[in-house]
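*Asks:* Shown below is the structure under consideration.
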Amino acid sequence: MSETMGRRERKKAATRQALADAALRLFLDRGFDQVSVRDIAEAADVSTTTVFKHFASKEALLFDLDSDREAALIAVVRDRPEGMSVPGALREHTLRMHSDSAADPEMARFVELTESTPALREYGRRMWMRHEAALAAAIAEATGAPEDDPGCAALAHFALETVGFARGRADARQAIEAAFVLLEHGWPAAG
């Protein structure tokens, strides 16, 4: 029985990946608004019902690594080097994400697609900000603060918002740096 479950789970994962891959390929080729769920289903050789068994919406097809991102954010806080502040660790992570995105042509196309499509831009922002509570809890745990500490919640919120703040700026790296200087040292240090 466990072998059958293993095979079934592998098949589900393969179908899910095929759908996500087909959607990304079609969205990049034609644009998000020009691709229907039926187009995606046909490209992956499944029914439209199967698409919705795996993904709640058309937008969700592009944002499939949500739990991996949350785990990475929590690890950044928990596994930061000795002596590095939480804002410093989050700054380094954010800068690394930005550099990785800029260096990868496929990722640059993905970012362009999501930024040029209002529905995807808003969906992506909501998905990213869903990590706020988990990040705030990790910050509280790492600093010994109460779980519901408003300072930890504020740091989590504004650190996550930095990604959107930097997008579209002439020098995104400088925007990220400036935002984290403010988060770590406060207003007088930023001026």
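Labels for the structure tokens follow display order: chains A, B, ..., residues from 1 in each chain, ligands from 1.
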Using only C-alpha atoms, find each residue in region 7-64 of chain A having at least one atom no more than 12 Å away from region 113-127 of chain A; report its shortest atom-to-atom pair and that distance in Å (one decimal), rows by chain then rising number, as a tab-separated table.
*Replies:*
```
residue	atom	partner	partner_atom	distance
A:Leu24	CA	A:Leu113	CA	9.7
A:Arg25	CA	A:Leu113	CA	11.3
A:Leu26	CA	A:Leu113	CA	11.3
A:Phe27	CA	A:Leu113	CA	7.8
A:Leu28	CA	A:Leu113	CA	6.9
A:Asp29	CA	A:Leu113	CA	10.1
A:Arg30	CA	A:Leu113	CA	10.2
A:Gly31	CA	A:Leu113	CA	7.2
A:Phe32	CA	A:Thr117	CA	7.1
A:Asp33	CA	A:Thr117	CA	8.0
A:Gln34	CA	A:Thr117	CA	11.2
A:Ser57	CA	A:Tyr123	CA	10.3
A:Lys58	CA	A:Leu120	CA	9.5
A:Glu59	CA	A:Leu120	CA	6.2
A:Ala60	CA	A:Tyr123	CA	8.1
A:Leu61	CA	A:Leu120	CA	10.4
A:Leu62	CA	A:Leu120	CA	8.5
A:Phe63	CA	A:Gly124	CA	7.1
A:Asp64	CA	A:Met127	CA	10.0
```
*Asks:* Can you write out the residues you just picked, keeping N, CA, C and O atoms, as an mmCIF file, in the first residue's frame?
*Replies:*
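The new file part28.cif reads:
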```
data_model
loop_
_atom_site.group_PDB
_atom_site.id
_atom_site.type_symbol
_atom_site.label_atom_id
_atom_site.label_comp_id
_atom_site.auth_asym_id
_atom_site.auth_seq_id
_atom_site.Cartn_x
_atom_site.Cartn_y
_atom_site.Cartn_z
ATOM 1 N N LEU A 24 4.074 28.426 -17.439
ATOM 2 C CA LEU A 24 5.161 29.399 -17.543
ATOM 3 C C LEU A 24 5.583 29.588 -18.995
ATOM 4 O O LEU A 24 5.727 30.722 -19.469
ATOM 5 N N ARG A 25 5.752 28.502 -19.699
ATOM 6 C CA ARG A 25 6.162 28.573 -21.108
ATOM 7 C C ARG A 25 5.135 29.373 -21.926
ATOM 8 O O ARG A 25 5.493 30.284 -22.683
ATOM 9 N N LEU A 26 3.855 29.062 -21.754
ATOM 10 C CA LEU A 26 2.814 29.764 -22.504
ATOM 11 C C LEU A 26 2.719 31.237 -22.102
ATOM 12 O O LEU A 26 2.565 32.113 -22.956
ATOM 13 N N PHE A 27 2.797 31.510 -20.807
ATOM 14 C CA PHE A 27 2.707 32.899 -20.341
ATOM 15 C C PHE A 27 3.866 33.728 -20.874
ATOM 16 O O PHE A 27 3.687 34.876 -21.269
ATOM 17 N N LEU A 28 5.059 33.150 -20.877
ATOM 18 C CA LEU A 28 6.217 33.887 -21.380
ATOM 19 C C LEU A 28 6.123 34.107 -22.889
ATOM 20 O O LEU A 28 6.523 35.156 -23.394
ATOM 21 N N ASP A 29 5.582 33.126 -23.607
ATOM 22 C CA ASP A 29 5.469 33.247 -25.063
ATOM 23 C C ASP A 29 4.358 34.204 -25.492
ATOM 24 O O ASP A 29 4.539 35.002 -26.410
ATOM 25 N N ARG A 30 3.201 34.117 -24.821
ATOM 26 C CA ARG A 30 2.015 34.857 -25.279
ATOM 27 C C ARG A 30 1.587 36.002 -24.360
ATOM 28 O O ARG A 30 0.815 36.854 -24.778
ATOM 29 N N GLY A 31 1.992 35.939 -23.111
ATOM 30 C CA GLY A 31 1.483 36.897 -22.129
ATOM 31 C C GLY A 31 0.392 36.245 -21.293
ATOM 32 O O GLY A 31 -0.361 35.391 -21.789
ATOM 33 N N PHE A 32 0.301 36.618 -20.052
ATOM 34 C CA PHE A 32 -0.636 36.001 -19.115
ATOM 35 C C PHE A 32 -2.085 36.089 -19.587
ATOM 36 O O PHE A 32 -2.818 35.110 -19.576
ATOM 37 N N ASP A 33 -2.493 37.275 -19.990
ATOM 38 C CA ASP A 33 -3.899 37.491 -20.341
ATOM 39 C C ASP A 33 -4.312 36.797 -21.636
ATOM 40 O O ASP A 33 -5.497 36.606 -21.887
ATOM 41 N N GLN A 34 -3.344 36.408 -22.459
ATOM 42 C CA GLN A 34 -3.659 35.760 -23.728
ATOM 43 C C GLN A 34 -3.691 34.231 -23.619
ATOM 44 O O GLN A 34 -3.905 33.546 -24.614
ATOM 45 N N SER A 57 -6.024 28.759 -8.877
ATOM 46 C CA SER A 57 -6.295 29.807 -9.865
ATOM 47 C C SER A 57 -5.219 29.793 -10.938
ATOM 48 O O SER A 57 -4.175 29.153 -10.784
ATOM 49 N N LYS A 58 -5.465 30.525 -11.994
ATOM 50 C CA LYS A 58 -4.486 30.654 -13.073
ATOM 51 C C LYS A 58 -3.209 31.305 -12.544
ATOM 52 O O LYS A 58 -2.103 30.890 -12.888
ATOM 53 N N GLU A 59 -3.347 32.298 -11.689
ATOM 54 C CA GLU A 59 -2.184 32.980 -11.106
ATOM 55 C C GLU A 59 -1.324 32.019 -10.285
ATOM 56 O O GLU A 59 -0.102 32.123 -10.280
ATOM 57 N N ALA A 60 -1.965 31.103 -9.589
ATOM 58 C CA ALA A 60 -1.245 30.173 -8.707
ATOM 59 C C ALA A 60 -0.268 29.282 -9.484
ATOM 60 O O ALA A 60 0.710 28.790 -8.901
ATOM 61 N N LEU A 61 -0.510 29.101 -10.764
ATOM 62 C CA LEU A 61 0.394 28.284 -11.575
ATOM 63 C C LEU A 61 1.816 28.837 -11.611
ATOM 64 O O LEU A 61 2.772 28.103 -11.815
ATOM 65 N N LEU A 62 1.973 30.142 -11.416
ATOM 66 C CA LEU A 62 3.297 30.763 -11.469
ATOM 67 C C LEU A 62 3.979 30.863 -10.110
ATOM 68 O O LEU A 62 5.170 31.125 -10.044
ATOM 69 N N PHE A 63 3.245 30.706 -9.050
ATOM 70 C CA PHE A 63 3.805 30.918 -7.715
ATOM 71 C C PHE A 63 3.735 29.625 -6.919
ATOM 72 O O PHE A 63 3.118 29.542 -5.873
ATOM 73 N N ASP A 64 4.436 28.615 -7.419
ATOM 74 C CA ASP A 64 4.340 27.265 -6.874
ATOM 75 C C ASP A 64 5.363 26.971 -5.779
ATOM 76 O O ASP A 64 5.286 25.949 -5.135
#
```
*Asks:* Near Thr48 (chain A), within 12 Å and counting only C-alpha atoms, which residues show up once chain neighbours fewer than 3 positions away are dropped, as a list of chain:residue names?
*Replies:*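 With the cut-off at 12 Å, the set is A:Leu19, A:Ser36, A:Val37, A:Arg38, A:Asp39, A:Ile40, A:Ala41, A:Glu42, A:Ala43, A:Ala44, A:Asp45, A:Val51, A:Phe52, A:Lys53, A:His54, A:Phe55, A:Ala56, A:Ser57, A:Lys58.
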*Asks:* Which residue gives the smallest distance to Thr15 (chain A) among A:Arg167, A:Thr50, A:Ala133, A:Leu155, with only C-alpha atoms counted?
*Replies:*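 Among the listed residues, the smallest separation from Thr15 (chain A) belongs to A:Thr50.
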*Asks:* Write out as JSON, numbers by chain which residues come within 12 Å of Arg80 (chain A) when counting only C-alpha atoms, dropping same-chain ones fewer than 3 positions away.
*Replies:* {"A": [72, 73, 74, 75, 76, 77, 83, 84, 85, 86, 87, 88, 89, 90, 91, 92, 93, 138, 139, 142]}
*Asks:* Enter the distance from CA of Asp79 (chain A) to CA of Ala137 (chain A), in Å, rounded to one decimal.
*Replies:* 14.5 Å
*Asks:* Between CA of Asp68 (chain A) and CA of Glu132 (chain A), measure the distance and give it in Å to one decimal.
*Replies:* 14.3 Å
*Asks:* Choose the residue, out of A:Glu82, A:Asp171, A:Asp21, A:Glu161, that has the smallest atom-to-atom separation from Met129 (chain A); count only C-alpha atoms.
*Replies:*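 Closest to Met129 (chain A), using only C-alpha atoms: A:Glu161.
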*Asks:* Distance CA of Ala134 (chain A)-CA of Phe165 (chain A), one decimal place?
*Replies:*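 A separation of 20.7 Å between them.
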